[in-house]
Every structure is written in C-alpha cells, then in structure tokens.
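K.L.:
Structure file upload.tsv, TSV, C-alpha atoms and all ligand atoms, is pasted below:
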```
chain	number	residue	atom	x	y	z
A	1	MET	CA	0.00	0.00	0.00
A	2	THR	CA	1.56	3.29	-1.07
A	3	GLU	CA	0.50	6.47	0.61
A	4	LYS	CA	0.97	10.05	-0.38
A	5	PRO	CA	4.20	11.48	1.01
A	6	LYS	CA	3.78	13.68	4.07
A	7	ALA	CA	3.31	17.26	2.95
A	8	ILE	CA	5.76	18.71	5.43
A	9	GLY	CA	9.08	20.41	4.98
A	10	THR	CA	11.08	17.59	6.54
A	11	LEU	CA	10.47	15.36	3.55
A	12	GLU	CA	11.82	17.85	1.08
A	13	ALA	CA	15.34	17.47	-0.27
A	14	LYS	CA	16.66	19.79	2.41
A	15	ALA	CA	15.73	17.23	5.05
A	16	LEU	CA	18.64	16.08	7.16
A	17	ILE	CA	19.23	12.36	7.64
A	18	SER	CA	21.32	11.33	10.65
A	19	VAL	CA	23.03	7.99	10.78
A	20	ILE	CA	24.15	6.82	14.21
A	21	ILE	CA	27.02	4.34	14.20
A	22	PRO	CA	28.49	2.94	17.43
A	23	VAL	CA	32.13	2.04	17.05
A	24	TYR	CA	34.24	-0.28	19.16
A	25	ASN	CA	37.59	-1.17	17.60
A	26	GLU	CA	36.48	-0.93	13.98
A	27	ALA	CA	39.41	1.17	12.61
A	28	GLN	CA	39.83	-1.00	9.53
A	29	ILE	CA	36.41	-0.35	8.06
A	30	LEU	CA	35.57	3.23	9.05
A	31	ARG	CA	36.57	5.02	5.82
A	32	GLN	CA	34.84	2.54	3.54
A	33	LEU	CA	31.76	2.61	5.77
A	34	THR	CA	31.58	6.42	5.78
A	35	GLN	CA	31.76	6.55	1.98
A	36	SER	CA	29.04	3.92	1.51
A	37	VAL	CA	26.69	5.63	3.97
A	38	ILE	CA	27.16	9.09	2.43
A	39	GLN	CA	26.67	7.68	-1.07
A	40	ALA	CA	23.44	5.94	-0.06
A	41	ILE	CA	21.94	9.10	1.44
A	42	LYS	CA	23.08	11.39	-1.36
A	43	ALA	CA	21.54	9.01	-3.88
A	44	CYS	CA	18.19	9.76	-2.25
A	45	GLY	CA	18.82	13.51	-2.52
A	46	TYR	CA	18.95	14.34	1.19
A	47	GLN	CA	21.48	16.04	3.37
A	48	HIS	CA	23.45	13.81	5.68
A	49	GLU	CA	25.04	13.76	9.08
A	50	ILE	CA	26.88	10.77	10.51
A	51	VAL	CA	27.14	10.56	14.27
A	52	PHE	CA	29.91	8.15	15.17
A	53	VAL	CA	30.00	7.15	18.82
A	54	ASN	CA	33.46	5.91	19.68
A	55	ASP	CA	32.69	3.57	22.56
A	56	GLY	CA	36.14	3.53	24.15
A	57	SER	CA	37.94	1.90	21.23
A	58	LYS	CA	41.47	0.71	21.93
A	59	ASP	CA	42.64	0.57	18.31
A	60	ASP	CA	43.12	3.53	15.91
A	61	SER	CA	39.38	4.19	15.54
A	62	ALA	CA	39.59	7.49	17.47
A	63	GLU	CA	42.30	8.98	15.22
A	64	ILE	CA	40.65	7.78	12.04
A	65	LEU	CA	37.28	9.18	13.10
A	66	ASP	CA	38.93	12.52	13.94
A	67	ASN	CA	40.57	12.59	10.49
A	68	ILE	CA	37.31	11.81	8.72
A	69	ALA	CA	35.51	14.48	10.75
A	70	ASN	CA	38.20	17.05	9.95
A	71	THR	CA	37.65	16.60	6.22
A	72	ASP	CA	33.86	16.34	6.37
A	73	PRO	CA	32.00	18.70	8.73
A	74	CYS	CA	28.90	16.51	8.38
A	75	VAL	CA	30.67	13.76	10.25
A	76	ARG	CA	30.34	14.21	14.00
A	77	VAL	CA	32.12	12.15	16.60
A	78	LEU	CA	31.37	11.53	20.25
A	79	HIS	CA	34.29	9.96	22.09
A	80	LEU	CA	33.05	8.22	25.23
A	81	SER	CA	35.34	8.13	28.26
A	82	ARG	CA	35.45	4.30	28.22
A	83	ASN	CA	33.63	1.32	26.78
A	84	PHE	CA	30.00	1.64	27.94
A	85	GLY	CA	28.49	-0.96	25.61
A	86	HIS	CA	26.56	-0.93	22.37
A	87	GLN	CA	23.18	0.17	23.78
A	88	ALA	CA	24.63	3.05	25.80
A	89	ALA	CA	26.56	4.20	22.71
A	90	LEU	CA	23.34	4.23	20.72
A	91	GLN	CA	21.66	6.35	23.36
A	92	ALA	CA	24.52	8.86	23.17
A	93	GLY	CA	24.09	8.98	19.39
A	94	PHE	CA	20.35	9.60	19.69
A	95	THR	CA	20.92	12.44	22.11
A	96	TYR	CA	23.17	14.31	19.68
A	97	ALA	CA	21.65	13.39	16.28
A	98	ARG	CA	19.79	16.34	14.82
A	99	GLY	CA	18.23	14.80	11.73
A	100	ASP	CA	14.62	14.84	10.59
A	101	ALA	CA	15.00	11.09	10.27
A	102	ILE	CA	17.49	9.04	12.19
A	103	ILE	CA	19.01	5.77	11.08
A	104	VAL	CA	20.79	3.37	13.41
A	105	MET	CA	23.28	0.87	12.06
A	106	ASP	CA	26.32	-1.16	13.10
A	107	ALA	CA	29.78	-0.31	11.86
A	108	ASP	CA	30.71	-3.80	10.73
A	109	LEU	CA	28.85	-3.87	7.37
A	110	GLN	CA	26.46	-6.52	8.68
A	111	ASP	CA	23.86	-3.79	8.23
A	112	ASP	CA	24.21	-2.98	4.55
A	113	PRO	CA	24.31	0.81	3.86
A	114	GLY	CA	22.85	-0.04	0.45
A	115	GLN	CA	19.53	-0.72	2.24
A	116	ILE	CA	19.20	2.84	3.54
A	117	PRO	CA	17.15	3.98	0.49
A	118	HIS	CA	14.56	1.29	1.30
A	119	PHE	CA	14.10	2.75	4.78
A	120	MET	CA	13.70	6.23	3.33
A	121	GLU	CA	11.16	5.01	0.82
A	122	LYS	CA	8.94	3.76	3.67
A	123	TRP	CA	9.57	7.00	5.56
A	124	ARG	CA	8.34	8.97	2.55
A	125	GLU	CA	5.25	6.75	2.48
A	126	GLY	CA	4.46	8.08	5.94
A	127	TYR	CA	5.89	5.52	8.36
A	128	ASP	CA	7.47	6.81	11.57
A	129	VAL	CA	9.52	3.71	12.31
A	130	VAL	CA	11.05	1.43	9.71
A	131	PHE	CA	13.10	-1.48	11.00
A	132	ALA	CA	15.00	-4.33	9.39
A	133	ILE	CA	13.69	-7.84	9.88
A	134	ARG	CA	16.76	-9.96	9.63
A	135	VAL	CA	16.50	-12.86	7.24
A	136	ALA	CA	19.23	-15.31	6.26
A	137	ARG	CA	21.58	-14.58	9.14
A	138	LYS	CA	25.14	-15.59	8.37
A	139	GLU	CA	26.18	-16.52	11.93
A	140	ASN	CA	26.89	-20.10	12.98
A	141	LEU	CA	24.10	-22.58	13.58
A	142	ILE	CA	24.12	-22.38	17.39
A	143	LYS	CA	24.01	-18.56	17.42
A	144	ARG	CA	21.24	-18.55	14.82
A	145	PHE	CA	19.23	-20.99	16.91
A	146	LEU	CA	19.73	-18.94	20.08
A	147	PHE	CA	18.75	-15.68	18.35
A	148	SER	CA	15.69	-17.29	16.84
A	149	ALA	CA	14.62	-18.79	20.21
A	150	PHE	CA	15.22	-15.46	21.98
A	151	TYR	CA	13.09	-13.40	19.58
A	152	ARG	CA	10.26	-15.90	19.71
A	153	ILE	CA	10.24	-16.26	23.49
A	154	LEU	CA	10.40	-12.47	23.91
A	155	ASN	CA	7.56	-12.03	21.46
A	156	ILE	CA	5.39	-14.49	23.40
A	157	ILE	CA	6.05	-13.23	26.92
A	158	SER	CA	6.50	-9.48	26.49
A	159	HIS	CA	3.54	-7.29	27.39
A	160	ILE	CA	3.90	-5.30	24.18
A	161	SER	CA	4.37	-6.73	20.72
A	162	ILE	CA	8.09	-6.77	19.87
A	163	PRO	CA	8.59	-7.92	16.28
A	164	VAL	CA	10.47	-11.17	15.78
A	165	ASP	CA	13.97	-10.94	14.22
A	166	ALA	CA	14.07	-7.12	14.41
A	167	GLY	CA	17.44	-5.76	15.53
A	168	ASN	CA	18.72	-2.20	15.91
A	169	PHE	CA	19.08	-1.46	12.19
A	170	GLY	CA	16.29	0.91	11.22
A	171	LEU	CA	14.97	4.44	10.83
A	172	VAL	CA	12.91	6.57	13.18
A	173	THR	CA	11.50	10.05	12.71
A	174	ARG	CA	12.61	13.03	14.76
A	175	GLN	CA	9.44	12.81	16.84
A	176	VAL	CA	9.97	9.12	17.65
A	177	ALA	CA	13.63	9.72	18.48
A	178	ASP	CA	12.67	12.54	20.87
A	179	GLU	CA	10.25	10.23	22.66
A	180	MET	CA	12.84	7.45	22.86
A	181	ILE	CA	15.47	9.78	24.29
A	182	LEU	CA	13.06	10.69	27.08
A	183	LEU	CA	12.63	7.06	28.19
A	184	LYS	CA	14.58	6.73	31.40
A	185	ASP	CA	15.28	2.97	31.24
A	186	ARG	CA	18.81	2.21	32.34
A	187	ASP	CA	18.96	-1.34	31.04
A	188	ARG	CA	18.11	-0.51	27.47
A	189	TYR	CA	17.00	-2.78	24.67
A	190	LEU	CA	16.50	-0.52	21.66
A	191	PRO	CA	14.20	-2.75	19.56
A	192	GLY	CA	11.90	-3.07	22.60
A	193	LEU	CA	11.86	0.66	23.40
A	194	ARG	CA	11.28	1.45	19.73
A	195	SER	CA	8.21	-0.81	19.73
A	196	TRP	CA	7.05	0.60	23.02
A	197	VAL	CA	6.77	4.20	21.77
A	198	GLY	CA	4.22	3.18	19.14
A	199	PHE	CA	3.48	5.39	16.08
A	200	ARG	CA	3.25	3.88	12.58
A	201	GLN	CA	5.78	1.09	12.31
A	202	ILE	CA	6.78	-1.29	9.56
A	203	GLY	CA	9.44	-3.97	9.19
A	204	ILE	CA	11.21	-4.74	5.94
A	205	LYS	CA	13.03	-7.98	5.29
A	206	ILE	CA	16.74	-7.45	4.91
A	207	GLU	CA	19.46	-10.01	4.58
A	208	ARG	CA	22.01	-9.70	7.37
A	209	GLY	CA	25.50	-9.79	5.93
A	210	ASN	CA	28.75	-11.11	7.31
A	211	ARG	CA	30.94	-9.18	9.67
A	212	TYR	CA	33.93	-7.82	7.69
A	213	ASP	CA	36.38	-9.39	10.12
A	214	ALA	CA	34.44	-12.23	11.77
A	215	ARG	CA	35.33	-10.98	15.28
A	216	PRO	CA	32.13	-9.81	17.02
A	217	ARG	CA	32.70	-6.89	19.42
A	218	VAL	CA	29.56	-7.72	21.37
A	219	SER	CA	30.59	-10.83	23.30
A	220	LEU	CA	28.34	-13.79	24.07
A	221	ASN	CA	28.25	-12.55	27.66
A	222	ASP	CA	27.01	-9.12	26.44
A	223	LEU	CA	24.35	-10.82	24.32
A	224	TRP	CA	23.24	-12.85	27.34
A	225	ARG	CA	22.94	-9.63	29.40
A	226	LEU	CA	21.07	-7.90	26.60
A	227	SER	CA	18.61	-10.78	26.25
A	228	LYS	CA	18.00	-10.70	30.01
A	229	ASN	CA	17.45	-6.93	29.83
A	230	ALA	CA	14.95	-7.42	27.03
A	231	ILE	CA	13.03	-10.12	28.89
A	232	PHE	CA	13.03	-8.54	32.35
A	233	SER	CA	12.28	-5.03	31.04
A	234	PHE	CA	9.37	-6.05	28.87
A	235	SER	CA	7.80	-8.99	30.70
A	236	SER	CA	6.67	-9.81	34.20
A	237	ILE	CA	5.81	-13.38	33.25
A	238	PRO	CA	9.01	-14.79	34.85
A	239	LEU	CA	7.63	-13.59	38.18
A	240	THR	CA	4.13	-14.89	37.61
A	241	ILE	CA	5.50	-18.33	36.72
A	242	PHE	CA	5.98	-18.74	40.45
A	243	TYR	CA	2.24	-18.65	41.04
A	244	GLY	CA	2.06	-21.76	38.87
A	245	ILE	CA	4.92	-23.36	40.72
A	246	ALA	CA	3.31	-22.53	44.07
A	247	LEU	CA	0.09	-24.24	42.94
A	248	LEU	CA	2.05	-27.25	41.79
A	249	SER	CA	3.87	-27.54	45.10
A	250	LEU	CA	0.55	-27.26	46.94
A	251	PHE	CA	-0.77	-30.13	44.87
A	252	VAL	CA	2.34	-32.27	45.54
A	253	PHE	CA	2.10	-31.37	49.24
A	254	LEU	CA	-1.54	-32.56	49.40
A	255	CYS	CA	-0.69	-35.82	47.61
A	256	LEU	CA	2.19	-36.44	50.02
A	257	ILE	CA	-0.07	-35.85	53.03
A	258	CYS	CA	-2.60	-38.35	51.71
A	259	PHE	CA	0.19	-40.83	50.97
A	260	THR	CA	1.77	-40.62	54.44
A	261	LEU	CA	-1.56	-40.60	56.31
A	262	TYR	CA	-2.67	-43.64	54.36
A	263	HIS	CA	0.50	-45.53	55.38
A	264	LYS	CA	0.30	-44.30	58.95
A	265	PHE	CA	-3.30	-45.26	59.65
A	266	ILE	CA	-4.15	-48.01	57.13
A	267	THR	CA	-1.01	-50.00	56.27
A	268	GLY	CA	1.25	-49.05	59.20
A	269	LEU	CA	4.22	-48.66	56.79
A	270	ALA	CA	4.99	-45.02	57.55
A	271	ILE	CA	8.79	-45.17	57.15
A	272	PRO	CA	9.11	-46.10	53.46
A	273	GLY	CA	9.09	-43.13	51.16
A	274	TRP	CA	12.12	-41.17	52.28
A	275	THR	CA	13.58	-41.43	48.75
A	276	SER	CA	10.59	-39.74	47.25
A	277	PHE	CA	10.62	-37.26	50.12
A	278	LEU	CA	14.24	-36.34	49.43
A	279	MET	CA	13.59	-36.02	45.71
A	280	VAL	CA	10.60	-33.80	46.20
A	281	THR	CA	12.28	-31.52	48.76
A	282	SER	CA	15.42	-31.08	46.68
A	283	PHE	CA	13.32	-30.40	43.60
A	284	PHE	CA	11.38	-27.67	45.35
A	285	GLY	CA	14.60	-26.37	46.91
A	286	ALA	CA	15.94	-25.84	43.41
A	287	ILE	CA	12.71	-24.17	42.33
A	288	ASN	CA	12.98	-21.82	45.32
A	289	ALA	CA	16.51	-20.89	44.36
A	290	LEU	CA	15.37	-20.20	40.80
A	291	GLY	CA	12.57	-18.00	42.13
A	292	ILE	CA	14.98	-15.99	44.25
A	293	GLY	CA	17.29	-15.68	41.24
A	294	ILE	CA	14.49	-14.28	39.10
A	295	LEU	CA	13.47	-11.87	41.84
A	296	GLY	CA	17.13	-10.83	41.98
A	297	GLU	CA	17.09	-9.92	38.28
A	298	TYR	CA	14.26	-7.46	38.88
A	299	VAL	CA	15.81	-6.12	42.10
A	300	LEU	CA	19.12	-5.56	40.32
A	301	ARG	CA	17.35	-3.51	37.67
A	302	ILE	CA	15.54	-1.48	40.32
A	303	TYR	CA	18.90	-0.87	42.02
A	304	ASN	CA	20.52	0.27	38.78
A	305	GLN	CA	17.62	2.54	38.04
A	306	VAL	CA	17.56	4.06	41.53
A	307	ARG	CA	21.29	4.79	41.56
A	308	GLY	CA	20.62	6.81	38.43
A	309	ARG	CA	24.18	6.89	37.09
A	310	PRO	CA	24.46	8.31	33.59
A	311	LEU	CA	24.45	5.72	30.81
A	312	TYR	CA	27.68	7.10	29.35
A	313	ILE	CA	30.21	9.89	29.77
A	314	ILE	CA	31.45	11.92	26.83
A	315	LYS	CA	35.14	12.71	26.87
A	316	ARG	CA	35.37	14.76	23.70
A	317	LYS	CA	33.16	15.87	20.79
A	318	VAL	CA	34.15	16.66	17.22
A	319	ASN	CA	31.96	18.79	14.91
A	320	VAL	CA	29.25	18.87	17.57
A	321	HIS	CA	28.20	22.38	18.46
B	401	LIG	N1	29.93	-1.91	19.73
B	401	LIG	C1	30.02	-0.86	20.63
B	401	LIG	N2	30.36	-1.13	21.94
B	401	LIG	C2	30.61	-2.39	22.37
B	401	LIG	C3	30.48	-3.46	21.46
B	401	LIG	C4	30.12	-3.18	20.15
B	401	LIG	O1	29.80	0.30	20.27
B	401	LIG	O2	30.93	-2.57	23.55
B	401	LIG	C5	29.55	-1.62	18.33
B	401	LIG	C6	30.39	-2.33	17.28
B	401	LIG	O3	31.53	-1.58	16.92
B	401	LIG	C7	29.40	-2.46	16.14
B	401	LIG	C8	28.07	-2.62	16.85
B	401	LIG	O4	28.25	-2.12	18.17
B	401	LIG	O5	29.33	-1.28	15.37
B	401	LIG	C9	27.62	-4.06	16.90
B	401	LIG	O6	28.66	-4.89	17.38
B	401	LIG	P1	28.82	-6.39	16.89
B	401	LIG	O7	28.94	-6.44	15.42
B	401	LIG	O8	29.90	-7.02	17.68
B	401	LIG	O9	27.42	-7.01	17.34
B	401	LIG	P2	26.57	-8.17	16.65
B	401	LIG	O10	26.40	-7.78	15.23
B	401	LIG	O11	27.37	-9.40	16.82
B	401	LIG	O12	25.30	-8.15	17.42
B	402	MG	MG	27.71	-7.09	13.95
```
With the file now loaded, output its structure as structure tokens.
P.N.:
Amino acid sequence: MTEKPKAIGTLEAKALISVIIPVYNEAQILRQLTQSVIQAIKACGYQHEIVFVNDGSKDDSAEILDNIANTDPCVRVLHLSRNFGHQAALQAGFTYARGDAIIVMDADLQDDPGQIPHFMEKWREGYDVVFAIRVARKENLIKRFLFSAFYRILNIISHISIPVDAGNFGLVTRQVADEMILLKDRDRYLPGLRSWVGFRQIGIKIERGNRYDARPRVSLNDLWRLSKNAIFSFSSIPLTIFYGIALLSLFVFLCLICFTLYHKFITGLAIPGWTSFLMVTSFFGAINALGIGILGEYVLRIYNQVRGRPLYIIKRKVNVH
C-alpha cells in the first residue's frame, strides 16, 4: 500500500538524515563505511550527518574518526570516556543526532548501507519507524538458533508486541527519536523501546550480511545480558511463573499428606518413602533458588535505576556544536 508522502518540509530534499554508528575497535572499516553511507543518502537527494559514537575503542578508531571528521564537517564524533556498551553508545548517538529522520546501524557492514534507500522510501510513504527484519543470518548454527529462540520467546512473553527478528538497524522520525530519548530505562534494549513508543511502524526484510572481520565486538556474555534486559524489562511473566509453581507444590504437598496418612493409619508402613521425600524436597529447593534468582534480576534492575548513574560519559566531541 503506497500512501501520499507527508506534505511537510522535513520530507523535502533539504531534510537532514542522521546515521548513528556505534564504534568499538572498527578502525579498519571506518573510511569505507563512511563513503558507503554518504553515497546511499546522497543518492536519495537528502542532506546527511553521521554521528559516530566511539565507545572507548582501543585501536586507531579514534584517530581515524577525527581525520574523517576534519575533512567532512557533516561527520560528527562523540568519544566516550570508556567502553560503555553498544546500547549506551546508541543512546549517546540519539541524544546528539539532529536529523529529521534518524538511522541506526552497526559499523561492521552486517547492516548494509545499500539498504538505507529502502528505509527512506517507507519513511516517505508516511511511516514513523522502519526497521529491518533480519532474514538469512550468516552466523553459525548455534548462534542462529539462540537468536531465533530469543526473539520468539520475547515475542510471546513481552507485554507489548516486539517484532520477531528485528534488531537495531532501522529508521525513526525526529518525533519518535525525541520520545525514545526521554525514556529513562537504564537497562536498554533498543528494539523493545522502539516498539514501546508506538506510532506507525513497519518492518522490511533485509538479509544480514557477514561481519567484515568475523570478530564480534559484542561478546556472548554481552548478548546474554542484553537478552535478560529485554526479557526482564518487557515482561513480568518470569515472576508470575511462580504462582504456577506454588500451585504445583501445593498439589504435591496434598498428595504427600494423603500418601503418608494412608500408610500411617491403614497400612502401618509409615517409614518407606524417604527417597521420594528427598527427591521432592530437593526439587522444590531448586525451584525456590530459581525463584529468588528471578526476583534478583528485577531487584538488580531497580537498584541500577535508583542509583541513576548516567548511561555514558562523553570525553570529547568533534563537529558537535
Ligand atoms: N559496539 C560498541 N560497543 C561495544 C560493542 C560493540 O559500540 O561494547 C559496536 C560495534 O563496533 C558495532 C556494533 O556495536 O558497530 C555491533 O557490534 P557487533 O557487530 O559485535 O554485534 P553483533 O552484530 O554481533 O550483534
Ligand atoms: Mg555485527
């Protein structure tokens, strides 16, 4: 369904498109990436701004970004004071991006800059949020399985609809970005927050490419933390599971009472059964521990939120006024 373009100034050629790119040790690819992004936006006839967020890189990324920014005033760089993580870097980018539409992408060419025009096409049709639905992931089988399971579980248990296989790669309008910046969540999961704000959203299927150097900067441990953030920020089902478990233990408790009373008063064989007793108590001991663990996940998030530390600290800015 094609709609008339919005009749507002922001969709005219003078509209500014911001591209936020978090960078952690990506020196090798930065020049090529910058060129491809600028080409893609210019091809659509818009003005561009790239907001690189150097998330405490330890390689030459900082110098290369400074050089690129010195030759192109439309390239802005935020150098964070240390590595704060992908999601915090994105938040920094959002806070400083000034575009009428804002695109988020990774630096590693897994998000193909050549797809940017497709996002803009949907934007011109009137959508406020356009996100990539990742098809044909190139990661190994185990990672693909884990990602697929994560998106599906999150989709089932979250209290808002978070699209399956939608990552960070996408476009949001100025208005949506302003709303997202205002969200005070400390443990951030961008695809979830982006769904939460609402507006007119659409996903487009995009093939996820290979990393240029096959060395992911987001570790498996980071991905585990991110998936926990997504689940515990957008679902309270893990807590309510314990109502079910409590009912189950009540049922087992009643059965056990009947069993022991029967042997005490009818057969006189009250001693047998300690094996089953041990099994049942250890099983429910483990369930208790799991329950406390899940409570801990929520408490930890409350603690983080209450401490209210900033998500990131900016050490230095280039071409940001
Ligand atoms: N990144 C970052 N901070 C980090 C880890 C990663 O800014 O602590 C950046 C990284 O440079 C890349 C993007 O986040 O631009 C995604 O990283 P990666 O490709 O490792 O994630 P994956 O694609 O495996 O989810
Ligand atoms: Mg990547």
K.L.:
Go through chain A and flag each residue having an atom no more than 6 Å from ligand LIG 401 (chain B); for those, report the closest pair of atoms plus their distance in Å to one decimal, using all atoms listed in the file, ordered by chain and rising number, as a tab-separated table.
P.N.:
```
residue	atom	partner	partner_atom	distance
A:Pro22	CA	B:LIG401	O1	4.1
A:Val23	CA	B:LIG401	O3	3.7
A:Tyr24	CA	B:LIG401	O3	3.7
A:Glu26	CA	B:LIG401	O3	5.8
A:Asp55	CA	B:LIG401	O1	4.9
A:Asn83	CA	B:LIG401	O2	5.7
A:Gly85	CA	B:LIG401	O2	3.6
A:His86	CA	B:LIG401	N2	3.8
A:Ala89	CA	B:LIG401	O1	5.6
A:Asp106	CA	B:LIG401	O5	3.8
A:Ala107	CA	B:LIG401	O5	3.7
A:Asp108	CA	B:LIG401	O5	5.5
A:Pro216	CA	B:LIG401	O8	3.6
A:Arg217	CA	B:LIG401	O8	3.3
A:Val218	CA	B:LIG401	O8	3.8
```
K.L.:
With all atoms listed in the file as the basis for distance, which of A:Gln35, A:Thr267, A:Ser148, A:Gln110 is at the shortest distance from ligand MG 402 (chain B)?
P.N.:
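Closest candidate: A:Gln110.
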K.L.:
Counting all atoms listed in the file, which residues of region 81-102 of chain A sit at most 7 Å from some atom of region 173-196 of chain A, and what is each one's closest atom pair with its distance in Å to one decimal, listed by chain and rising residue number, as a Markdown table?
P.N.:
```
| residue | atom | partner | partner_atom | distance |
| --- | --- | --- | --- | --- |
| A:Gln87 | CA | A:Arg188 | CA | 6.3 |
| A:Phe94 | CA | A:Ile181 | CA | 6.7 |
| A:Thr95 | CA | A:Ile181 | CA | 6.4 |
| A:Gly99 | CA | A:Arg174 | CA | 6.6 |
| A:Asp100 | CA | A:Arg174 | CA | 5.0 |
| A:Ala101 | CA | A:Thr173 | CA | 4.4 |
| A:Ile102 | CA | A:Thr173 | CA | 6.1 |
```
K.L.:
With 5 Å of padding per side, what axis-aligned box (centre and edge lengths, Å, one decimal) covers all the listed atoms of region 101-104 of chain A? Give it as JSON.
P.N.:
```
{"center_x": 17.9, "center_y": 7.2, "center_z": 11.8, "size_x": 15.8, "size_y": 17.7, "size_z": 13.1}
```
K.L.:
Grab the CA of Asn140 (chain A) to CA of Ala27 (chain A) distance for me, in Å with one decimal place.
P.N.:
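Those two atoms sit 24.7 Å apart.
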K.L.:
Have a look at A:Arg307, A:Arg98, A:Arg124, A:Lys138 and name the one nearest to ligand MG 402 (chain B); count all atoms listed in the file.
P.N.:
A:Lys138
K.L.:
Once you count all atoms listed in the file, which residues end up no further than 6 Å from (8.9, -12.1, 14.2) in the file's frame, shown as a ChimeraX atom specification?
P.N.:
/A:163-165
K.L.:
Hey, which of A:Arg208, A:Lys315, A:His263, A:Arg301 ends up closest to ligand MG 402 (chain B)? Count all atoms listed in the file.
P.N.:
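Going through A:Arg208, A:Lys315, A:His263, A:Arg301 one by one, the smallest distance to ligand MG 402 (chain B) is for A:Arg208.
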K.L.:
Around (21.6, -16.5, 13.3), as given in the file, which residues come within 12 Å? Count all atoms listed in the file and list them as a PyMOL selection string.
P.N.:
chain A and resi 134-151+165+167+207-210
K.L.:
For a quick check of understanding, using only C-alpha atoms and all ligand atoms, which of A:Ile287, A:Ile157, A:Leu16, A:Met105 has the smallest distance to ligand MG 402 (chain B)?
P.N.:
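Ranked by minimum distance to ligand MG 402 (chain B), first place goes to A:Met105.
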K.L.:
Compile the contact shell of Glu297 (chain A) as a count of residues only: residues with an atom at most 12 Å away, counting all atoms listed in the file, same-chain residues fewer than 3 positions apart removed.
P.N.:
21
K.L.:
Mind pulling up the distance from CA of Gln39 (chain A) to CA of Tyr212 (chain A)?
P.N.:
19.2 Å
K.L.:
Using only C-alpha atoms and all ligand atoms, which residue out of A:Ser219, A:Gln32, A:Thr260, A:Ser18 lies closest to ligand MG 402 (chain B)?
P.N.:
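When distances to ligand MG 402 (chain B) are compared using only C-alpha atoms and all ligand atoms, the smallest one comes from A:Ser219.
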K.L.:
Go through A:Ile103, A:Leu109, A:Ala97, A:Val252 and flag the residue nearest Ile29 (chain A), using only C-alpha atoms for the distances.
P.N.:
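The closest residue to Ile29 (chain A) is A:Leu109.
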K.L.:
CA of His118 (chain A) and CA of Ile41 (chain A), how far apart in Å?
P.N.:
10.7 Å
